[in-house]
>>> print(open('model-v4.cif').read())   # mmCIF, C-alpha atoms
data_work
#
loop_
_atom_site.group_PDB
_atom_site.id
_atom_site.type_symbol
_atom_site.label_atom_id
_atom_site.label_comp_id
_atom_site.auth_asym_id
_atom_site.auth_seq_id
_atom_site.Cartn_x
_atom_site.Cartn_y
_atom_site.Cartn_z
ATOM 1 C CA ALA A 1 145.489 111.415 48.022
ATOM 2 C CA ALA A 2 146.194 113.071 51.338
ATOM 3 C CA ALA A 3 143.326 113.472 53.792
ATOM 4 C CA LEU A 4 141.833 116.929 54.110
ATOM 5 C CA VAL A 5 141.951 118.611 57.499
ATOM 6 C CA ALA A 6 140.185 121.696 58.814
ATOM 7 C CA PRO A 7 142.228 124.888 58.325
ATOM 8 C CA VAL A 8 143.511 127.183 61.065
ATOM 9 C CA HIS A 9 141.603 130.112 59.550
ATOM 10 C CA ALA A 10 138.031 129.301 58.553
ATOM 11 C CA ALA A 11 136.721 131.532 55.775
ATOM 12 C CA ARG A 12 133.372 132.454 54.305
ATOM 13 C CA VAL A 13 133.945 131.983 50.587
ATOM 14 C CA GLY A 14 131.734 133.631 47.997
ATOM 15 C CA ILE A 15 131.723 131.786 44.668
ATOM 16 C CA LEU A 16 131.114 134.264 41.840
ATOM 17 C CA SER A 17 130.218 132.744 38.477
ATOM 18 C CA ASN A 18 127.730 133.000 35.658
ATOM 19 C CA LYS A 19 127.111 129.226 35.774
ATOM 20 C CA TYR A 20 127.498 126.340 38.229
ATOM 21 C CA ALA A 21 128.145 128.518 41.297
ATOM 22 C CA THR A 22 125.469 126.673 43.286
ATOM 23 C CA GLU A 23 126.697 123.218 42.292
ATOM 24 C CA THR A 24 130.333 124.132 42.961
ATOM 25 C CA ALA A 25 129.461 125.530 46.393
ATOM 26 C CA ALA A 26 127.595 122.316 47.248
ATOM 27 C CA ASP A 27 130.549 120.171 46.162
ATOM 28 C CA PHE A 28 133.078 122.231 48.106
ATOM 29 C CA ASN A 29 130.901 122.302 51.235
ATOM 30 C CA ALA A 30 130.767 118.498 51.094
ATOM 31 C CA ARG A 31 134.429 117.914 50.285
ATOM 32 C CA ILE A 32 136.445 120.782 51.798
ATOM 33 C CA PRO A 33 136.262 121.080 55.600
ATOM 34 C CA GLY A 34 136.468 124.229 57.676
ATOM 35 C CA HIS A 35 135.397 126.861 55.182
ATOM 36 C CA THR A 36 131.834 127.653 54.141
ATOM 37 C CA PHE A 37 130.941 128.220 50.498
ATOM 38 C CA SER A 38 128.050 130.266 49.114
ATOM 39 C CA ALA A 39 127.000 130.776 45.510
ATOM 40 C CA VAL A 40 126.774 134.273 44.023
ATOM 41 C CA ASP A 41 125.148 134.183 40.583
ATOM 42 C CA THR A 42 126.710 136.936 38.487
ATOM 43 C CA SER A 43 124.974 136.103 35.213
ATOM 44 C CA GLY A 44 122.491 138.965 35.609
ATOM 45 C CA SER A 45 124.486 141.571 37.528
ATOM 46 C CA ALA A 46 127.606 142.076 39.610
ATOM 47 C CA PRO A 47 127.176 142.278 43.406
ATOM 48 C CA ALA A 48 128.098 145.455 45.272
ATOM 49 C CA LEU A 49 131.392 145.658 47.139
ATOM 50 C CA ALA A 50 129.571 146.401 50.402
ATOM 51 C CA GLN A 51 127.566 143.199 50.035
ATOM 52 C CA LEU A 52 130.653 141.096 49.339
ATOM 53 C CA SER A 53 132.665 142.678 52.155
ATOM 54 C CA ALA A 54 129.900 142.080 54.691
ATOM 55 C CA SER A 55 129.355 138.464 53.679
ATOM 56 C CA TYR A 56 132.701 136.972 52.647
ATOM 57 C CA ASP A 57 136.351 136.718 53.632
ATOM 58 C CA VAL A 58 137.513 135.222 50.309
ATOM 59 C CA LEU A 59 136.131 135.194 46.762
ATOM 60 C CA LEU A 60 136.402 132.522 44.075
ATOM 61 C CA VAL A 61 135.881 133.963 40.582
ATOM 62 C CA PHE A 62 135.370 131.749 37.553
ATOM 63 C CA GLU A 63 133.028 131.393 34.597
ATOM 64 C CA ASP A 64 131.632 128.807 32.254
ATOM 65 C CA SER A 65 131.319 130.490 28.843
ATOM 66 C CA THR A 66 132.078 134.172 28.407
ATOM 67 C CA TYR A 67 129.567 136.830 29.453
ATOM 68 C CA SER A 68 129.176 140.584 29.357
ATOM 69 C CA ASN A 69 129.143 141.038 33.152
ATOM 70 C CA ALA A 70 132.742 139.845 33.419
ATOM 71 C CA THR A 71 134.102 143.404 33.418
ATOM 72 C CA ALA A 72 131.839 144.560 36.253
ATOM 73 C CA VAL A 73 132.562 141.371 38.234
ATOM 74 C CA GLY A 74 136.295 141.897 37.736
ATOM 75 C CA ASN A 75 136.086 145.500 38.928
ATOM 76 C CA VAL A 76 134.283 144.615 42.152
ATOM 77 C CA ALA A 77 136.556 141.606 42.760
ATOM 78 C CA ALA A 78 139.582 143.892 42.349
ATOM 79 C CA ALA A 79 138.149 146.333 44.891
ATOM 80 C CA PHE A 80 137.568 143.397 47.258
ATOM 81 C CA ALA A 81 141.206 142.284 46.801
ATOM 82 C CA ASN A 82 142.520 145.819 47.319
ATOM 83 C CA SER A 83 140.693 145.917 50.649
ATOM 84 C CA GLY A 84 143.055 143.176 51.880
ATOM 85 C CA ARG A 85 140.905 140.088 51.255
ATOM 86 C CA ALA A 86 142.200 137.458 48.875
ATOM 87 C CA VAL A 87 140.620 136.448 45.584
ATOM 88 C CA VAL A 88 141.024 133.001 44.005
ATOM 89 C CA LEU A 89 140.648 132.433 40.255
ATOM 90 C CA GLY A 90 139.748 129.226 38.425
ATOM 91 C CA ALA A 91 139.180 128.235 34.806
ATOM 92 C CA PHE A 92 137.643 129.451 32.593
ATOM 93 C CA TYR A 93 138.659 132.886 33.853
ATOM 94 C CA ASP A 94 141.227 132.980 31.046
ATOM 95 C CA GLN A 95 138.594 132.903 28.292
ATOM 96 C CA ASP A 96 137.161 136.309 29.203
ATOM 97 C CA ARG A 97 140.548 137.923 29.816
ATOM 98 C CA SER A 98 141.133 140.781 27.395
ATOM 99 C CA ASP A 99 144.105 139.019 25.765
ATOM 100 C CA ALA A 100 142.105 135.882 24.923
ATOM 101 C CA PRO A 101 141.509 135.184 21.215
ATOM 102 C CA ALA A 102 139.153 137.604 19.496
ATOM 103 C CA SER A 103 137.237 134.628 18.139
ATOM 104 C CA ILE A 104 135.813 133.882 21.613
ATOM 105 C CA PRO A 105 135.323 136.980 22.009
ATOM 106 C CA PRO A 106 136.481 138.154 25.456
ATOM 107 C CA HIS A 107 134.882 140.965 27.462
ATOM 108 C CA GLY A 108 137.803 141.572 29.837
ATOM 109 C CA TRP A 109 137.843 141.476 33.639
ATOM 110 C CA GLY A 110 138.467 145.182 34.154
ATOM 111 C CA ALA A 111 140.653 146.161 37.100
ATOM 112 C CA LEU A 112 141.148 142.534 38.136
ATOM 113 C CA GLU A 113 143.505 142.129 35.182
ATOM 114 C CA THR A 114 145.947 144.509 36.901
ATOM 115 C CA LEU A 115 146.117 142.161 39.897
ATOM 116 C CA ASP A 116 145.799 138.634 38.468
ATOM 117 C CA PRO A 117 148.891 136.375 38.357
ATOM 118 C CA ASN A 118 148.698 135.280 34.725
ATOM 119 C CA THR A 119 147.893 136.410 31.236
ATOM 120 C CA THR A 120 146.546 133.901 28.750
ATOM 121 C CA ASP A 121 148.983 132.209 26.373
ATOM 122 C CA GLY A 122 147.067 133.748 23.484
ATOM 123 C CA THR A 123 144.819 130.710 23.223
ATOM 124 C CA GLY A 124 143.490 129.971 26.713
ATOM 125 C CA THR A 125 142.167 126.643 27.937
ATOM 126 C CA PRO A 126 143.529 124.124 25.405
ATOM 127 C CA TYR A 127 140.957 121.360 25.999
ATOM 128 C CA ALA A 128 143.858 118.923 26.144
ATOM 129 C CA LEU A 129 145.627 116.821 28.753
ATOM 130 C CA ARG A 130 147.302 118.610 31.640
ATOM 131 C CA THR A 131 149.315 116.775 34.308
ATOM 132 C CA LEU A 132 150.909 118.534 37.272
ATOM 133 C CA ASP A 133 154.701 118.649 37.180
ATOM 134 C CA VAL A 134 155.186 117.364 40.720
ATOM 135 C CA ALA A 135 158.950 116.937 40.285
ATOM 136 C CA SER A 136 159.512 120.698 39.956
ATOM 137 C CA MET A 137 156.725 121.760 42.341
ATOM 138 C CA GLN A 138 157.830 124.103 45.127
ATOM 139 C CA LYS A 139 157.196 123.306 48.786
ATOM 140 C CA HIS A 140 154.604 125.873 49.757
ATOM 141 C CA PRO A 141 151.240 126.086 51.571
ATOM 142 C CA LEU A 142 149.584 126.012 48.137
ATOM 143 C CA THR A 143 151.167 122.649 47.283
ATOM 144 C CA ALA A 144 150.952 120.905 50.660
ATOM 145 C CA GLY A 145 149.778 117.311 50.415
ATOM 146 C CA ILE A 146 149.484 117.349 46.623
ATOM 147 C CA GLU A 147 150.906 114.249 44.976
ATOM 148 C CA SER A 148 149.191 114.436 41.586
ATOM 149 C CA LEU A 149 146.639 116.411 39.596
ATOM 150 C CA VAL A 150 145.392 115.507 36.135
ATOM 151 C CA SER A 151 142.903 117.226 33.821
ATOM 152 C CA ALA A 152 141.711 115.698 30.566
ATOM 153 C CA ARG A 153 140.364 118.977 29.141
ATOM 154 C CA PHE A 154 139.559 121.901 31.440
ATOM 155 C CA ALA A 155 142.892 123.296 32.623
ATOM 156 C CA GLY A 156 145.879 125.343 31.496
ATOM 157 C CA GLY A 157 146.404 127.941 28.799
ATOM 158 C CA ASN A 158 148.191 130.631 30.796
ATOM 159 C CA ALA A 159 151.495 132.486 31.071
ATOM 160 C CA ALA A 160 152.825 133.973 34.304
ATOM 161 C CA LYS A 161 153.350 137.717 34.597
ATOM 162 C CA ALA A 162 156.690 139.079 35.743
ATOM 163 C CA GLY A 163 156.691 139.167 39.548
ATOM 164 C CA THR A 164 154.177 136.338 39.924
ATOM 165 C CA ARG A 165 155.177 133.459 42.168
ATOM 166 C CA VAL A 166 154.519 130.170 40.401
ATOM 167 C CA VAL A 167 154.644 127.244 42.825
ATOM 168 C CA ALA A 168 153.617 124.546 40.322
ATOM 169 C CA ASN A 169 153.467 124.214 36.545
ATOM 170 C CA TRP A 170 151.713 121.792 34.266
ATOM 171 C CA THR A 171 154.083 119.307 32.641
ATOM 172 C CA GLN A 172 152.807 120.333 29.207
ATOM 173 C CA THR A 173 153.908 123.693 27.801
ATOM 174 C CA ASN A 174 151.493 126.472 26.886
ATOM 175 C CA ALA A 175 150.634 127.615 23.367
ATOM 176 C CA LYS A 176 153.742 129.830 23.311
ATOM 177 C CA GLY A 177 156.024 126.906 24.156
ATOM 178 C CA GLY A 178 156.672 128.229 27.654
ATOM 179 C CA ALA A 179 155.769 127.092 31.137
ATOM 180 C CA ASP A 180 152.032 126.784 31.786
ATOM 181 C CA PRO A 181 151.418 127.778 35.434
ATOM 182 C CA ALA A 182 149.092 125.458 37.330
ATOM 183 C CA ILE A 183 149.238 127.138 40.745
ATOM 184 C CA ALA A 184 150.395 130.722 41.080
ATOM 185 C CA TYR A 185 149.733 133.877 43.067
ATOM 186 C CA ARG A 186 150.569 137.544 42.978
ATOM 187 C CA VAL A 187 150.681 140.159 45.730
ATOM 188 C CA THR A 188 150.133 143.787 44.713
ATOM 189 C CA GLY A 189 149.969 146.168 47.653
ATOM 190 C CA ASN A 190 147.138 144.921 49.874
ATOM 191 C CA ALA A 191 145.812 142.592 47.184
ATOM 192 C CA CYS A 192 146.575 138.903 46.869
ATOM 193 C CA VAL A 193 145.171 136.983 43.906
ATOM 194 C CA ILE A 194 145.668 133.218 43.609
ATOM 195 C CA GLN A 195 145.093 131.328 40.369
ATOM 196 C CA LEU A 196 144.487 127.571 40.255
ATOM 197 C CA ALA A 197 144.296 126.889 36.527
ATOM 198 C CA ILE A 198 141.709 124.124 36.493
ATOM 199 C CA ALA A 199 137.918 124.250 36.406
ATOM 200 C CA PRO A 200 136.538 124.348 39.975
ATOM 201 C CA ASN A 201 133.257 122.969 38.642
ATOM 202 C CA TYR A 202 134.929 119.836 37.259
ATOM 203 C CA PRO A 203 132.841 117.543 39.530
ATOM 204 C CA VAL A 204 129.746 118.992 37.840
ATOM 205 C CA LEU A 205 131.080 118.681 34.297
ATOM 206 C CA GLY A 206 133.008 115.409 34.397
ATOM 207 C CA LEU A 207 133.746 112.133 36.117
ATOM 208 C CA ALA A 208 136.376 111.817 38.836
ATOM 209 C CA GLY A 209 139.059 109.377 37.767
ATOM 210 C CA THR A 210 138.236 109.843 34.098
ATOM 211 C CA ASP A 211 137.979 113.553 33.288
ATOM 212 C CA TYR A 212 140.059 114.661 36.272
ATOM 213 C CA SER A 213 142.003 112.852 38.954
ATOM 214 C CA GLY A 214 144.536 113.278 41.717
ATOM 215 C CA ASP A 215 144.397 115.774 44.552
ATOM 216 C CA PHE A 216 141.745 118.039 43.052
ATOM 217 C CA HIS A 217 139.958 119.001 46.275
ATOM 218 C CA ARG A 218 143.225 119.228 48.226
ATOM 219 C CA ALA A 219 144.504 121.763 45.703
ATOM 220 C CA TRP A 220 141.384 123.888 46.164
ATOM 221 C CA GLN A 221 141.566 123.433 49.953
ATOM 222 C CA ASN A 222 145.116 124.781 49.893
ATOM 223 C CA ALA A 223 144.053 127.774 47.815
ATOM 224 C CA PHE A 224 141.293 128.714 50.264
ATOM 225 C CA ASP A 225 143.501 128.048 53.297
ATOM 226 C CA PHE A 226 146.214 130.333 51.922
ATOM 227 C CA ALA A 227 143.645 132.953 50.950
ATOM 228 C CA ALA A 228 142.088 132.846 54.418
ATOM 229 C CA ALA A 229 145.542 133.391 55.907
ATOM 230 C CA LYS A 230 145.868 136.480 53.655
ATOM 231 C CA CYS A 231 148.640 134.805 51.657
ATOM 232 C CA VAL A 232 151.045 134.839 54.601
ATOM 233 C CA ILE A 233 153.491 131.926 54.649
ATOM 234 C CA PRO A 234 153.905 130.534 58.199
ATOM 235 C CA VAL A 235 157.216 131.464 59.828
ATOM 236 C CA ALA A 236 157.667 127.857 60.879
ATOM 237 C CA PHE A 237 157.140 126.526 57.358
ATOM 238 C CA ALA A 238 160.874 126.308 56.578
ATOM 239 C CA GLY A 239 160.431 124.256 53.443
ATOM 240 C CA GLY A 240 158.281 121.528 54.958
ATOM 241 C CA ASP A 241 154.672 120.501 54.589
ATOM 242 C CA PRO A 242 152.487 123.100 56.382
ATOM 243 C CA ALA A 243 150.213 120.241 57.435
ATOM 244 C CA THR A 244 152.932 119.388 59.953
ATOM 245 C CA VAL A 245 153.403 122.950 61.194
ATOM 246 C CA PRO A 246 151.927 123.572 64.671
ATOM 247 C CA THR A 247 148.981 125.959 64.822
ATOM 248 C CA LEU A 248 149.105 129.138 66.863
ATOM 249 C CA SER A 249 147.240 127.410 69.695
ATOM 250 C CA GLU A 250 149.760 124.558 69.678
ATOM 251 C CA TRP A 251 152.670 127.006 69.792
ATOM 252 C CA GLY A 252 151.000 128.736 72.737
ATOM 253 C CA LEU A 253 150.641 125.448 74.586
ATOM 254 C CA LEU A 254 154.278 124.581 73.936
ATOM 255 C CA LEU A 255 155.447 127.985 75.150
ATOM 256 C CA THR A 256 153.358 127.633 78.321
ATOM 257 C CA ILE A 257 154.869 124.217 79.030
ATOM 258 C CA LEU A 258 158.393 125.573 78.551
ATOM 259 C CA LEU A 259 157.753 128.561 80.807
ATOM 260 C CA VAL A 260 156.250 126.406 83.547
ATOM 261 C CA GLY A 261 159.184 124.023 83.294
ATOM 262 C CA ALA A 262 161.663 126.883 83.481
ATOM 263 C CA ALA A 263 159.916 128.364 86.530
ATOM 264 C CA ALA A 264 159.886 124.992 88.272
ATOM 265 C CA GLY A 265 163.595 124.538 87.611
ATOM 266 C CA PHE A 266 164.364 127.967 89.029
ATOM 267 C CA THR A 267 162.354 127.189 92.178
ATOM 268 C CA LEU A 268 164.153 123.883 92.726
ATOM 269 C CA GLN A 269 167.593 125.438 92.301
ATOM 270 C CA ARG A 270 167.001 128.500 94.487
ATOM 271 C CA PRO A 271 169.067 128.254 97.724
ATOM 272 C CA ARG A 272 167.211 128.184 101.009
ATOM 273 C CA ARG A 273 167.459 131.030 103.470
ATOM 274 C CA ARG A 274 169.331 130.377 106.673
#
>>> encode(input="model-v4.cif", output="structure tokens")
Amino acid sequence: AAALVAPVHAARVGILSNKYATETAADFNARIPGHTFSAVDTSGSAPALAQLSASYDVLLVFEDSTYSNATAVGNVAAAFANSGRAVVLGAFYDQDRSDAPASIPPHGWGALETLDPNTTDGTGTPYALRTLDVASMQKHPLTAGIESLVSARFAGGNAAKAGTRVVANWTQTNAKGGADPAIAYRVTGNACVIQLAIAPNYPVLGLAGTDYSGDFHRAWQNAFDFAAAKCVIPVAFAGGDPATVPTLSEWGLLLTILLVGAAAGFTLQRPRRR
């Protein structure tokens, strides 16, 4: 797995969930450099938009078992996204989406469902093996440094909406026999919503190397990096790994060196007065 490096844009990330928000924040703070992660327990109520806007630059929304506050959480997360701050989704978001099986039953995520990248595949998380299709993965800030990602149970079960950019799929198909998006995002006006279709709380629920493996934390790092950059792809990316793209400060230093060199050359070539 590739080493994690601090991002250009550090973000305050609010983790909204009905379970395991605190444990997930602790894991990400220990394993993902640069950003800071704080738990927001939504099991009892949804936070106000003003509170989220004052405290966070990016939100992560997920759940572990369906709950009635999902609709209110989705509405406030949508308002946050429409204000120009990115929202990241993780499993088991799909299980409370309004098109999930009635047997669950889902409560719906309200306005967030108009902005999210994927619908469910009619079944949701399949509790079966999912391996990232690296061969067809696009070169993108969301896939930088990822060489593998494997989930034994807690991933997949989605279908991309028209207009969504899918940068990586799972090798296994979804319940409809179509592509099952692993990493995708959608831009709607000012809103950018990124969906990484694997449980962010996997380190709490399972064993690394057994229940999940590969570049798990790198994938989440990429999601938060891209969210912090407001889903803007670097001009210099040009199909390469963004880990090798100079930062703004490095570009500034290079430009200064070139300008100084050009000025020195002009001075040396200027003819002397007689």
>>> residues_around(input="model-v4.cif", residues="Val13 of chain A", least_positions_apart="5", cutoff="12 Å", atoms="all atoms listed in the file", output="PyMOL selection string")
chain A and resi 21+24-25+28-29+32+34-40+52-61+85-88+220-221+223-225+227-228
>>> resolve_selection(input="model-v4.cif", expression="the PyMOL selection byres ((chain A and resi 98) around 8)", output="list in words")
Asp96, Arg97, Asp99, Ala100, Pro106, His107, Gly108 and Trp109 of chain A
>>> atom_distance(input="model-v4.cif", atom1="atom CA of Thr71 of chain A", atom2="atom CA of Gly110 of chain A")
4.8 Å
>>> residues_around(input="model-v4.cif", residues="segment 45-49 of chain A", least_positions_apart="4", cutoff="8 Å", atoms="only C-alpha atoms", output="compact mmCIF listing (two decimals) with C-alpha atoms, keeping the file's coordinate frame")
# COMPACT_ATOMS: atom_id res chain seq x y z
CA SER A 53 132.66 142.68 52.16
CA ASN A 69 129.14 141.04 33.15
CA ALA A 72 131.84 144.56 36.25
CA VAL A 73 132.56 141.37 38.23
CA VAL A 76 134.28 144.62 42.15
CA ALA A 77 136.56 141.61 42.76
CA ALA A 79 138.15 146.33 44.89
CA PHE A 80 137.57 143.40 47.26
>>> closest_residue(input="model-v4.cif", among="A:Tyr93, A:Ala135, A:Thr210, A:Val232", to="Ala197 of chain A", atoms="all atoms listed in the file")
A:Tyr93
>>> resolve_selection(input="model-v4.cif", expression="the PyMOL selection byres ((chain A and resi 152) around 8)", output="number ranges by chain")
A: 127-130, 150-151, 153-155, 210-212
>>> residues_around(input="model-v4.cif", residues="segment 164-176 of chain A", least_positions_apart="5", cutoff="9 Å", atoms="only C-alpha atoms", output="CSV table (one decimal) with C-alpha atoms, in the frame of the given file")
chain,number,residue,atom,x,y,z
A,116,ASP,CA,145.8,138.6,38.5
A,117,PRO,CA,148.9,136.4,38.4
A,118,ASN,CA,148.7,135.3,34.7
A,121,ASP,CA,149.0,132.2,26.4
A,122,GLY,CA,147.1,133.7,23.5
A,123,THR,CA,144.8,130.7,23.2
A,124,GLY,CA,143.5,130.0,26.7
A,126,PRO,CA,143.5,124.1,25.4
A,129,LEU,CA,145.6,116.8,28.8
A,130,ARG,CA,147.3,118.6,31.6
A,131,THR,CA,149.3,116.8,34.3
A,132,LEU,CA,150.9,118.5,37.3
A,133,ASP,CA,154.7,118.6,37.2
A,134,VAL,CA,155.2,117.4,40.7
A,136,SER,CA,159.5,120.7,40.0
A,137,MET,CA,156.7,121.8,42.3
A,138,GLN,CA,157.8,124.1,45.1
A,139,LYS,CA,157.2,123.3,48.8
A,140,HIS,CA,154.6,125.9,49.8
A,142,LEU,CA,149.6,126.0,48.1
A,143,THR,CA,151.2,122.6,47.3
A,156,GLY,CA,145.9,125.3,31.5
A,157,GLY,CA,146.4,127.9,28.8
A,158,ASN,CA,148.2,130.6,30.8
A,159,ALA,CA,151.5,132.5,31.1
A,181,PRO,CA,151.4,127.8,35.4
A,182,ALA,CA,149.1,125.5,37.3
A,183,ILE,CA,149.2,127.1,40.7
A,184,ALA,CA,150.4,130.7,41.1
A,185,TYR,CA,149.7,133.9,43.1
A,186,ARG,CA,150.6,137.5,43.0
A,187,VAL,CA,150.7,140.2,45.7
>>> closest_residue(input="model-v4.cif", among="A:Leu205, A:Leu115, A:Ala162, A:Ala70", to="Asp41 of chain A", atoms="all atoms listed in the file")
A:Ala70
>>> atom_distance(input="model-v4.cif", atom1="atom CA of Thr125 of chain A", atom2="atom CA of Thr22 of chain A")
22.7 Å
>>> resolve_selection(input="model-v4.cif", expression="the PyMOL selection byres ((chain A and resi 62) around 6)", output="list of chain:residue names")
A:Ser17, A:Val61, A:Glu63, A:Leu89, A:Gly90, A:Ala91, A:Phe92, A:Tyr93
>>> closest_residue(input="model-v4.cif", among="A:Gly145, A:Gly74, A:Pro33, A:Gly178", to="Phe216 of chain A", atoms="all atoms listed in the file")
A:Gly145
